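Student: Got coords-v1.txt for you, compact mmCIF, C-alpha atoms:
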# COMPACT_ATOMS: atom_id res chain seq x y z
CA MET A 1 12.83 -28.37 -2.92
CA VAL A 2 9.69 -30.51 -3.28
CA ASP A 3 7.94 -31.23 -6.57
CA VAL A 4 4.41 -31.17 -5.13
CA ILE A 5 3.30 -29.67 -1.82
CA ILE A 6 -0.21 -30.67 -0.78
CA ILE A 7 -2.14 -28.84 1.94
CA GLY A 8 -4.68 -31.20 3.49
CA ALA A 9 -4.69 -34.94 4.25
CA GLY A 10 -8.28 -35.88 3.51
CA PRO A 11 -9.42 -38.02 0.55
CA ALA A 12 -8.60 -35.28 -1.98
CA GLY A 13 -5.14 -34.45 -0.66
CA ILE A 14 -4.09 -38.07 -0.11
CA SER A 15 -5.38 -39.10 -3.56
CA ALA A 16 -3.32 -36.28 -5.10
CA ALA A 17 -0.31 -37.47 -3.13
CA LEU A 18 -0.68 -41.10 -4.23
CA TYR A 19 -0.88 -40.24 -7.93
CA ALA A 20 1.97 -37.73 -7.78
CA LYS A 21 4.20 -40.12 -5.83
CA ARG A 22 3.47 -43.02 -8.18
CA ALA A 23 4.68 -40.72 -10.97
CA ASN A 24 8.04 -40.72 -9.15
CA ARG A 25 7.76 -37.16 -7.84
CA SER A 26 8.76 -35.87 -4.42
CA VAL A 27 5.58 -35.14 -2.46
CA LEU A 28 4.94 -33.42 0.86
CA VAL A 29 1.55 -33.43 2.59
CA LEU A 30 0.93 -30.87 5.33
CA TYR A 31 -2.13 -31.06 7.56
CA HIS A 32 -3.34 -29.85 10.94
CA GLY A 33 -6.47 -30.03 13.03
CA GLU A 34 -9.49 -32.29 12.75
CA SER A 35 -10.72 -33.23 9.29
CA GLN A 36 -14.42 -33.12 8.40
CA LEU A 37 -14.06 -36.77 7.39
CA GLU A 38 -13.02 -37.74 10.91
CA LYS A 39 -16.37 -36.49 12.21
CA ALA A 40 -18.38 -38.90 10.03
CA HIS A 41 -19.77 -41.66 12.26
CA LEU A 42 -20.30 -44.10 9.38
CA ILE A 43 -19.73 -43.96 5.62
CA ASP A 44 -21.76 -46.65 3.88
CA ASN A 45 -22.07 -45.24 0.34
CA TYR A 46 -18.40 -45.45 -0.70
CA TYR A 47 -17.25 -48.17 -3.07
CA GLY A 48 -15.61 -51.25 -1.55
CA PHE A 49 -16.98 -51.11 2.01
CA PRO A 50 -20.15 -53.25 2.16
CA GLY A 51 -20.33 -52.92 5.92
CA GLY A 52 -19.43 -49.24 5.90
CA ILE A 53 -16.43 -47.61 7.52
CA THR A 54 -16.04 -44.81 10.03
CA GLY A 55 -14.74 -41.50 8.74
CA LYS A 56 -11.92 -41.60 11.27
CA GLN A 57 -10.75 -45.04 10.09
CA LEU A 58 -10.89 -44.05 6.41
CA TYR A 59 -8.95 -40.87 7.15
CA GLU A 60 -6.25 -42.68 9.13
CA ASP A 61 -5.99 -45.47 6.53
CA GLY A 62 -5.48 -42.90 3.79
CA ILE A 63 -2.59 -41.24 5.61
CA ALA A 64 -1.04 -44.64 6.36
CA GLN A 65 -1.32 -45.60 2.69
CA ALA A 66 0.48 -42.43 1.60
CA LYS A 67 3.26 -42.96 4.13
CA ALA A 68 3.69 -46.57 3.02
CA LEU A 69 4.26 -45.34 -0.52
CA GLY A 70 6.98 -42.97 0.67
CA VAL A 71 5.02 -39.71 0.84
CA GLU A 72 6.26 -37.34 3.54
CA VAL A 73 3.26 -36.46 5.71
CA VAL A 74 3.73 -33.74 8.34
CA ASN A 75 1.24 -32.63 10.97
CA SER A 76 1.97 -28.90 11.24
CA GLU A 77 -0.24 -25.83 10.90
CA VAL A 78 0.26 -23.88 7.68
CA LEU A 79 0.34 -20.15 8.42
CA HIS A 80 1.35 -18.51 5.16
CA ILE A 81 1.90 -19.30 1.47
CA GLU A 82 3.55 -17.07 -1.11
CA MET A 83 5.29 -17.23 -4.47
CA ASN A 84 8.96 -16.30 -4.34
CA ALA A 85 11.19 -14.64 -6.95
CA ALA A 86 12.00 -18.01 -8.53
CA MET A 87 8.27 -18.63 -9.12
CA HIS A 88 8.28 -21.39 -6.50
CA TYR A 89 5.78 -21.70 -3.66
CA GLU A 90 7.01 -21.09 -0.12
CA VAL A 91 4.82 -22.64 2.55
CA LYS A 92 5.44 -21.42 6.08
CA THR A 93 4.29 -23.62 8.94
CA ALA A 94 4.51 -23.19 12.68
CA ASP A 95 7.82 -25.08 12.57
CA THR A 96 9.59 -24.40 9.27
CA THR A 97 9.31 -23.16 5.68
CA TYR A 98 9.04 -25.51 2.68
CA GLU A 99 9.59 -24.70 -0.99
CA GLY A 100 7.75 -26.44 -3.81
CA LEU A 101 7.42 -26.31 -7.59
CA SER A 102 3.66 -26.84 -7.42
CA LEU A 103 0.90 -26.57 -4.86
CA VAL A 104 -2.33 -28.48 -4.27
CA LEU A 105 -4.96 -26.95 -1.99
CA SER A 106 -7.22 -29.61 -0.49
CA THR A 107 -8.00 -28.35 3.00
CA GLY A 108 -11.74 -28.26 2.64
CA ASN A 109 -13.45 -25.00 3.44
CA LYS A 110 -12.57 -24.21 7.04
CA LYS A 111 -13.48 -20.55 7.23
CA LEU A 112 -15.03 -20.04 10.65
CA LYS A 113 -17.55 -17.25 10.87
CA PRO A 114 -18.05 -16.26 14.50
CA ASN A 115 -21.58 -16.09 15.87
CA ILE A 116 -21.42 -12.37 16.60
CA GLN A 117 -24.25 -9.95 15.87
CA GLY A 118 -23.29 -7.66 12.99
CA ILE A 119 -20.63 -9.93 11.45
CA ASP A 120 -22.66 -10.41 8.25
CA THR A 121 -23.82 -6.81 8.10
CA PHE A 122 -20.28 -5.44 8.05
CA GLU A 123 -18.58 -8.09 5.92
CA GLY A 124 -16.73 -6.11 3.26
CA LYS A 125 -17.44 -2.95 5.23
CA GLY A 126 -14.79 -3.28 7.88
CA VAL A 127 -14.96 -7.03 8.47
CA SER A 128 -12.31 -8.90 6.46
CA TYR A 129 -10.93 -12.43 6.28
CA CYS A 130 -7.58 -11.59 4.67
CA ALA A 131 -4.94 -9.27 6.16
CA ILE A 132 -2.70 -9.32 3.09
CA CYS A 133 -5.64 -8.58 0.80
CA ASP A 134 -7.18 -5.71 2.75
CA GLY A 135 -4.58 -4.49 5.22
CA PHE A 136 -3.53 -1.59 2.98
CA PHE A 137 -6.99 -0.02 3.33
CA TYR A 138 -6.46 0.32 7.10
CA ARG A 139 -3.08 2.03 7.12
CA LYS A 140 -2.69 4.27 10.16
CA LYS A 141 -6.07 3.12 11.49
CA THR A 142 -7.17 1.05 14.49
CA VAL A 143 -7.98 -2.59 13.84
CA ALA A 144 -8.39 -5.89 15.64
CA VAL A 145 -7.65 -9.48 14.72
CA LEU A 146 -10.34 -11.87 15.95
CA GLY A 147 -8.83 -15.19 17.02
CA ASN A 148 -6.50 -16.75 19.56
CA GLY A 149 -4.22 -19.17 17.69
CA ASP A 150 -1.09 -19.08 15.55
CA TYR A 151 -3.14 -18.13 12.50
CA ALA A 152 -4.44 -15.02 14.28
CA LEU A 153 -0.89 -14.06 15.28
CA SER A 154 0.27 -14.55 11.70
CA GLU A 155 -2.46 -12.21 10.45
CA ALA A 156 -1.47 -9.68 13.12
CA GLY A 157 2.10 -9.85 11.86
CA ASP A 158 0.91 -8.90 8.37
CA LEU A 159 -0.88 -5.85 9.80
CA GLU A 160 1.46 -4.54 12.47
CA ASN A 161 3.57 -2.32 10.19
CA ILE A 162 0.54 -0.92 8.38
CA VAL A 163 -1.96 0.07 11.04
CA ALA A 164 -1.70 2.63 13.83
CA LYS A 165 -3.10 0.41 16.59
CA LEU A 166 -3.68 -3.33 16.70
CA TYR A 167 -5.62 -5.49 19.16
CA ILE A 168 -6.15 -9.24 19.43
CA LEU A 169 -9.73 -10.11 20.40
CA THR A 170 -10.29 -13.70 21.54
CA ASP A 171 -14.08 -13.50 22.06
CA GLY A 172 -13.95 -15.26 25.40
CA LEU A 173 -11.27 -17.81 24.51
CA PRO A 174 -7.88 -18.00 26.26
CA ALA A 175 -5.24 -15.46 25.23
CA PRO A 176 -2.56 -16.58 22.78
CA ALA A 177 1.03 -16.84 23.95
CA THR A 178 2.23 -13.37 22.98
CA ASP A 179 3.27 -10.15 24.65
CA LYS A 180 3.64 -8.34 21.34
CA TYR A 181 0.03 -7.22 21.00
CA GLU A 182 -2.66 -5.95 23.33
CA VAL A 183 -5.04 -8.85 23.93
CA ILE A 184 -8.66 -8.55 25.07
CA THR A 185 -10.29 -11.82 26.08
CA LYS A 186 -13.79 -10.53 26.83
CA LYS A 187 -16.77 -12.06 25.05
CA ILE A 188 -18.09 -9.93 22.19
CA ARG A 189 -21.80 -9.08 22.04
CA GLU A 190 -21.97 -7.27 18.71
CA ILE A 191 -20.23 -5.20 16.05
CA THR A 192 -21.66 -1.73 15.50
CA GLY A 193 -21.13 1.18 13.13
CA ASP A 194 -22.73 3.62 10.73
CA GLY A 195 -22.37 1.90 7.36
CA ARG A 196 -18.91 0.61 8.32
CA VAL A 197 -17.38 -0.99 11.40
CA GLY A 198 -17.13 1.56 14.19
CA ALA A 199 -16.78 -0.49 17.36
CA VAL A 200 -17.22 -3.81 19.09
CA VAL A 201 -19.46 -4.04 22.12
CA PHE A 202 -18.48 -6.58 24.75
CA GLU A 203 -20.86 -8.59 26.93
CA ASP A 204 -20.03 -6.39 29.92
CA GLY A 205 -21.32 -3.34 28.01
CA THR A 206 -17.92 -1.76 27.35
CA GLU A 207 -16.96 -0.73 23.82
CA LEU A 208 -13.77 -0.65 21.76
CA ALA A 209 -13.63 1.80 18.86
CA LEU A 210 -12.29 0.15 15.69
CA ASN A 211 -12.01 0.83 11.98
CA GLY A 212 -11.68 -2.80 10.98
CA ILE A 213 -11.83 -6.40 12.18
CA PHE A 214 -9.84 -9.23 10.60
CA VAL A 215 -11.34 -12.64 11.34
CA ALA A 216 -8.73 -15.37 11.89
CA GLN A 217 -10.35 -17.97 14.11
CA GLY A 218 -9.10 -21.54 14.19
CA VAL A 219 -6.73 -22.52 11.38
CA ALA A 220 -6.56 -21.14 7.86
CA GLY A 221 -8.53 -22.96 5.17
CA GLY A 222 -8.20 -23.24 1.42
CA ALA A 223 -10.17 -20.08 0.72
CA ASP A 224 -7.94 -18.09 3.08
CA PHE A 225 -4.79 -19.21 1.27
CA ALA A 226 -6.42 -18.66 -2.12
CA LYS A 227 -7.19 -15.03 -1.31
CA LYS A 228 -3.62 -14.36 -0.22
CA LEU A 229 -2.18 -15.94 -3.37
CA GLY A 230 -4.62 -14.30 -5.77
CA VAL A 231 -6.40 -17.52 -6.71
CA ALA A 232 -9.87 -16.87 -8.13
CA LEU A 233 -12.83 -17.71 -5.90
CA GLU A 234 -16.52 -18.21 -6.48
CA GLY A 235 -18.08 -17.42 -3.14
CA ASP A 236 -16.00 -19.41 -0.65
CA SER A 237 -15.03 -22.05 -3.21
CA ILE A 238 -11.90 -22.08 -5.36
CA LYS A 239 -12.53 -21.95 -9.10
CA ALA A 240 -10.76 -24.82 -10.87
CA ASP A 241 -11.02 -26.25 -14.39
CA GLN A 242 -11.46 -29.91 -15.34
CA SER A 243 -7.79 -30.61 -14.61
CA MET A 244 -8.25 -28.95 -11.18
CA ALA A 245 -5.96 -26.08 -12.24
CA THR A 246 -6.67 -22.64 -10.82
CA ASN A 247 -5.92 -19.31 -12.50
CA LEU A 248 -2.47 -19.30 -10.89
CA PRO A 249 0.24 -21.40 -12.62
CA GLY A 250 1.19 -24.46 -10.61
CA VAL A 251 -1.66 -24.15 -8.11
CA PHE A 252 -4.36 -26.82 -8.12
CA ALA A 253 -7.42 -27.33 -5.93
CA CYS A 254 -9.54 -30.37 -5.13
CA GLY A 255 -12.15 -31.68 -2.73
CA ASN A 256 -14.68 -29.71 -0.71
CA ILE A 257 -12.86 -26.44 -1.36
CA THR A 258 -14.03 -26.52 -5.00
CA GLY A 259 -17.68 -26.78 -3.98
CA GLY A 260 -20.21 -29.10 -5.58
CA LEU A 261 -20.88 -32.60 -4.25
CA LEU A 262 -19.33 -32.84 -0.79
CA GLN A 263 -18.65 -36.57 -0.95
CA VAL A 264 -15.58 -38.80 -0.58
CA CYS A 265 -15.92 -40.17 -4.13
CA LYS A 266 -15.80 -36.67 -5.64
CA ALA A 267 -12.85 -35.67 -3.44
CA ALA A 268 -10.86 -38.78 -4.41
CA TYR A 269 -11.48 -38.21 -8.12
CA GLU A 270 -10.52 -34.54 -8.00
CA GLY A 271 -7.45 -35.40 -5.94
CA ALA A 272 -6.29 -37.86 -8.59
CA GLU A 273 -6.79 -35.22 -11.31
CA ALA A 274 -4.95 -32.58 -9.24
CA GLY A 275 -2.03 -34.91 -8.54
CA LEU A 276 -1.61 -35.84 -12.20
CA SER A 277 -1.97 -32.22 -13.29
CA ALA A 278 0.67 -31.13 -10.77
CA VAL A 279 3.04 -33.77 -12.15
CA LYS A 280 2.43 -32.53 -15.70
CA TYR A 281 3.11 -28.95 -14.60
CA VAL A 282 6.35 -29.90 -12.83
CA LYS A 283 7.56 -31.81 -15.91
CA SER A 284 6.92 -28.80 -18.13
CA LYS A 285 8.64 -26.45 -15.68
CA GLN A 286 11.71 -28.67 -15.36
CA ALA A 287 11.94 -29.08 -19.14
CA LYS A 288 12.51 -25.34 -19.63
What is this file in structure tokens?
Tutor:
Amino acid sequence: MVDVIIIGAGPAGISAALYAKRANRSVLVLYHGESQLEKAHLIDNYYGFPGGITGKQLYEDGIAQAKALGVEVVNSEVLHIEMNAAMHYEVKTADTTYEGLSLVLSTGNKKLKPNIQGIDTFEGKGVSYCAICDGFFYRKKTVAVLGNGDYALSEAGDLENIVAKLYILTDGLPAPATDKYEVITKKIREITGDGRVGAVVFEDGTELALNGIFVAQGVAGGADFAKKLGVALEGDSIKADQSMATNLPGVFACGNITGGLLQVCKAAYEGAEAGLSAVKYVKSKQAK
């Protein structure tokens, strides 16, 4: 059991970890994939670096600082989060499952919208980004999961006992390592239908009749986890109050996933608030 589980190792997540750990709480940081911060060639508007610093260096220094304080930092893809019967948060990764009293979402907003004609037209009309949220509406129907990684396979697992037929579409990318589902690797030209998704058309002109498409490209982001948990969103951003608390008890959000100013200084501040708020929540829970 961990007091605070943090998803994301950027400025927001690491700041949350530092404040929670300094409050003598057990803290776990989970992260995977390339951070937006790592892509920044030079950051020269952040306090304390007169000559600037690369995003990659700042990112790596932050993780090293957390580890030096005793924070457990694990590089593993998070596939699923749910609340269990004990009102604790279970976080399933590609390797194991962790249980925490509180949860901080600080992944940034990683939702990847594929560049496929018709994807915007049919969003909410057969195109979905959450299998747990919308899978029920496709019971005994034919659907596809769009993606080729562990996240796509996890979404397929949530759908397999609901739908009549399930495909994995990789849109030209290599097939995932599975023999459980029918995989089609052809490049997709467009999504068609009469008011709702009816088919995908591949670049070779062939078609696949479908009732729904669940987009799960890359790795899951904060908005994806929020939808599955029932955390309130405003567009693709998580709604959080001044203490970075969401509408779900024990779940906090910070950094780019909350929208607003997409800067390191804002992420670090919100991370500090989220970490302290998580500590306060854990104290109140343990006092009962």
Student: Grab the atom CA of Thr170 of chain A to atom CA of Ser76 of chain A distance for me, in Å with one decimal place.
Tutor: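 Taking atom CA of Thr170 of chain A and atom CA of Ser76 of chain A, their separation equals 22.1 Å.
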Student: With all atoms listed in the file as the counted atoms, please give the residues lying no more than 8 Å from Cys130 of chain A, apart from itself and same-chain residues fewer than 3 positions off, as a PyMOL selection string.
Tutor: chain A and resi 133-135+155+214-215+224+227-228
Student: Taking all atoms listed in the file into account, produce a table as a Markdown table in which each residue of segment 44-92 of chain A with an atom at most 9 Å from an atom of segment 248-270 of chain A appears once, together with its shortest atom pair and the distance in Å to one decimal, ordered by chain and rising number.
Tutor:
| residue | atom | partner | partner_atom | distance |
| --- | --- | --- | --- | --- |
| A:Tyr46 | CA | A:Cys265 | CA | 6.8 |
| A:Tyr47 | CA | A:Cys265 | CA | 8.2 |
| A:His88 | CA | A:Gly250 | CA | 8.8 |
| A:Tyr89 | CA | A:Gly250 | CA | 8.8 |
Student: Work out how far atom CA of Gly157 of chain A is from atom CA of Gly235 of chain A, in Å to one decimal.
Tutor: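 We find that atom CA of Gly235 of chain A and atom CA of Gly157 of chain A lie 26.3 Å from each other.
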Student: Residues within 10 Å of His80 of chain A, please, as a PyMOL selection string. Count all atoms listed in the file; anything in the same chain fewer than 6 positions from it doesn't count.
Tutor: chain A and resi 90-94+97+151+154-155+220+224-225+228-229
Student: List the spatial neighbours of Ile43 of chain A as a list in words - criterion: any atom at most 6 Å away, all atoms listed in the file, same-chain residues fewer than 2 positions off excluded.
Tutor: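 With the cut-off at 6 Å, the set is Asn45, Gly52, Ile53 and Thr54 of chain A.
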Student: Might you pull out every residue within 12 Å of segment 60-75 of chain A, with all atoms listed in the file counted and same-chain residues fewer than 3 positions away left off, and present them as a ChimeraX atom specification?
Tutor: /A:2-35,37-38,53-57,78,93-96,98,264,268
Student: Skip Lys165 of chain A itself and residues of its chain fewer than 5 positions away, then list as a PDB file with C-alpha atoms, in the frame of the given file all residues within 8 Å of it, counting all atoms listed in the file.
Tutor:
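Final output, part-v3.pdb:
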ATOM      1  CA  LYS A 140      -2.690   4.270  10.160  1.00  0.00           C
ATOM      2  CA  LYS A 141      -6.070   3.120  11.490  1.00  0.00           C
ATOM      3  CA  THR A 142      -7.170   1.050  14.490  1.00  0.00           C
ATOM      4  CA  VAL A 143      -7.980  -2.590  13.840  1.00  0.00           C
ATOM      5  CA  GLU A 160       1.460  -4.540  12.470  1.00  0.00           C
TER       6      GLU A 160
END
Student: Using 12 Å as the limit and counting all atoms listed in the file, can you tabulate each residue of segment 82-200 of chain A that touches segment 244-247 of chain A, with its shortest atom-to-atom distance in Å and the two atoms involved, as a tab-separated table?
Tutor:
residue	atom	partner	partner_atom	distance
A:Ser102	CA	A:Ala245	CA	10.8
A:Leu103	CA	A:Ala245	CA	10.1
A:Val104	CA	A:Ala245	CA	9.1
A:Leu105	CA	A:Met244	CA	10.0
A:Ser106	CA	A:Met244	CA	10.8
Student: Could you write those residues out with C-alpha atoms, as a short mmCIF file (atom, residue, chain, number, x, y, z; two decimals), keeping the file's coordinate frame?
Tutor:
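Everything below was put into selection_6.cif:
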data_model
loop_
_atom_site.label_atom_id
_atom_site.label_comp_id
_atom_site.auth_asym_id
_atom_site.auth_seq_id
_atom_site.Cartn_x
_atom_site.Cartn_y
_atom_site.Cartn_z
CA SER A 102 3.66 -26.84 -7.42
CA LEU A 103 0.90 -26.57 -4.86
CA VAL A 104 -2.33 -28.48 -4.27
CA LEU A 105 -4.96 -26.95 -1.99
CA SER A 106 -7.22 -29.61 -0.49
#
Student: Counting all atoms listed in the file, I want the residues whose atoms come within 9 Å of (-7.5, -14.2, 12.4) in the file frame, returned as a list in words.
Tutor: Tyr129, Cys130, Ala131, Ala144, Val145, Leu146, Gly147, Asn148, Gly149, Asp150, Tyr151, Ala152, Leu153, Ser154, Glu155, Ala156, Ile168, Ile213, Phe214, Val215, Ala216, Gln217, Gly218, Val219 and Ala220 of chain A
Student: Output C-alpha atoms for every residue in the selection just made, as a PDB file, keeping the file's coordinate frame.
Tutor:
ATOM      1  CA  TYR A 129     -10.930 -12.430   6.280  1.00  0.00           C
ATOM      2  CA  CYS A 130      -7.580 -11.590   4.670  1.00  0.00           C
ATOM      3  CA  ALA A 131      -4.940  -9.270   6.160  1.00  0.00           C
ATOM      4  CA  ALA A 144      -8.390  -5.890  15.640  1.00  0.00           C
ATOM      5  CA  VAL A 145      -7.650  -9.480  14.720  1.00  0.00           C
ATOM      6  CA  LEU A 146     -10.340 -11.870  15.950  1.00  0.00           C
ATOM      7  CA  GLY A 147      -8.830 -15.190  17.020  1.00  0.00           C
ATOM      8  CA  ASN A 148      -6.500 -16.750  19.560  1.00  0.00           C
ATOM      9  CA  GLY A 149      -4.220 -19.170  17.690  1.00  0.00           C
ATOM     10  CA  ASP A 150      -1.090 -19.080  15.550  1.00  0.00           C
ATOM     11  CA  TYR A 151      -3.140 -18.130  12.500  1.00  0.00           C
ATOM     12  CA  ALA A 152      -4.440 -15.020  14.280  1.00  0.00           C
ATOM     13  CA  LEU A 153      -0.890 -14.060  15.280  1.00  0.00           C
ATOM     14  CA  SER A 154       0.270 -14.550  11.700  1.00  0.00           C
ATOM     15  CA  GLU A 155      -2.460 -12.210  10.450  1.00  0.00           C
ATOM     16  CA  ALA A 156      -1.470  -9.680  13.120  1.00  0.00           C
ATOM     17  CA  ILE A 168      -6.150  -9.240  19.430  1.00  0.00           C
ATOM     18  CA  ILE A 213     -11.830  -6.400  12.180  1.00  0.00           C
ATOM     19  CA  PHE A 214      -9.840  -9.230  10.600  1.00  0.00           C
ATOM     20  CA  VAL A 215     -11.340 -12.640  11.340  1.00  0.00           C
ATOM     21  CA  ALA A 216      -8.730 -15.370  11.890  1.00  0.00           C
ATOM     22  CA  GLN A 217     -10.350 -17.970  14.110  1.00  0.00           C
ATOM     23  CA  GLY A 218      -9.100 -21.540  14.190  1.00  0.00           C
ATOM     24  CA  VAL A 219      -6.730 -22.520  11.380  1.00  0.00           C
ATOM     25  CA  ALA A 220      -6.560 -21.140   7.860  1.00  0.00           C
TER      26      ALA A 220
END
Student: Could you jot down the atom CA of Gly100 of chain A to atom CA of Gln286 of chain A separation for me, Å, one decimal place?
Tutor: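 It comes out at 12.4 Å.
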Student: Let me have the centre and edge lengths of the axis-aligned box enclosing all listed atoms of segment 148-151 of chain A with 8 Å padding on every side, in Å to one decimal, as JSON.
Tutor:
{"center_x": -3.8, "center_y": -18.0, "center_z": 16.0, "size_x": 21.4, "size_y": 18.4, "size_z": 23.1}
Student: Looking at A:Leu79, A:Leu210, A:Ala177, A:Ile184, which one is nearest to Asp158 of chain A, with distances taken over all atoms listed in the file?
Tutor: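 Closest candidate: A:Leu79.
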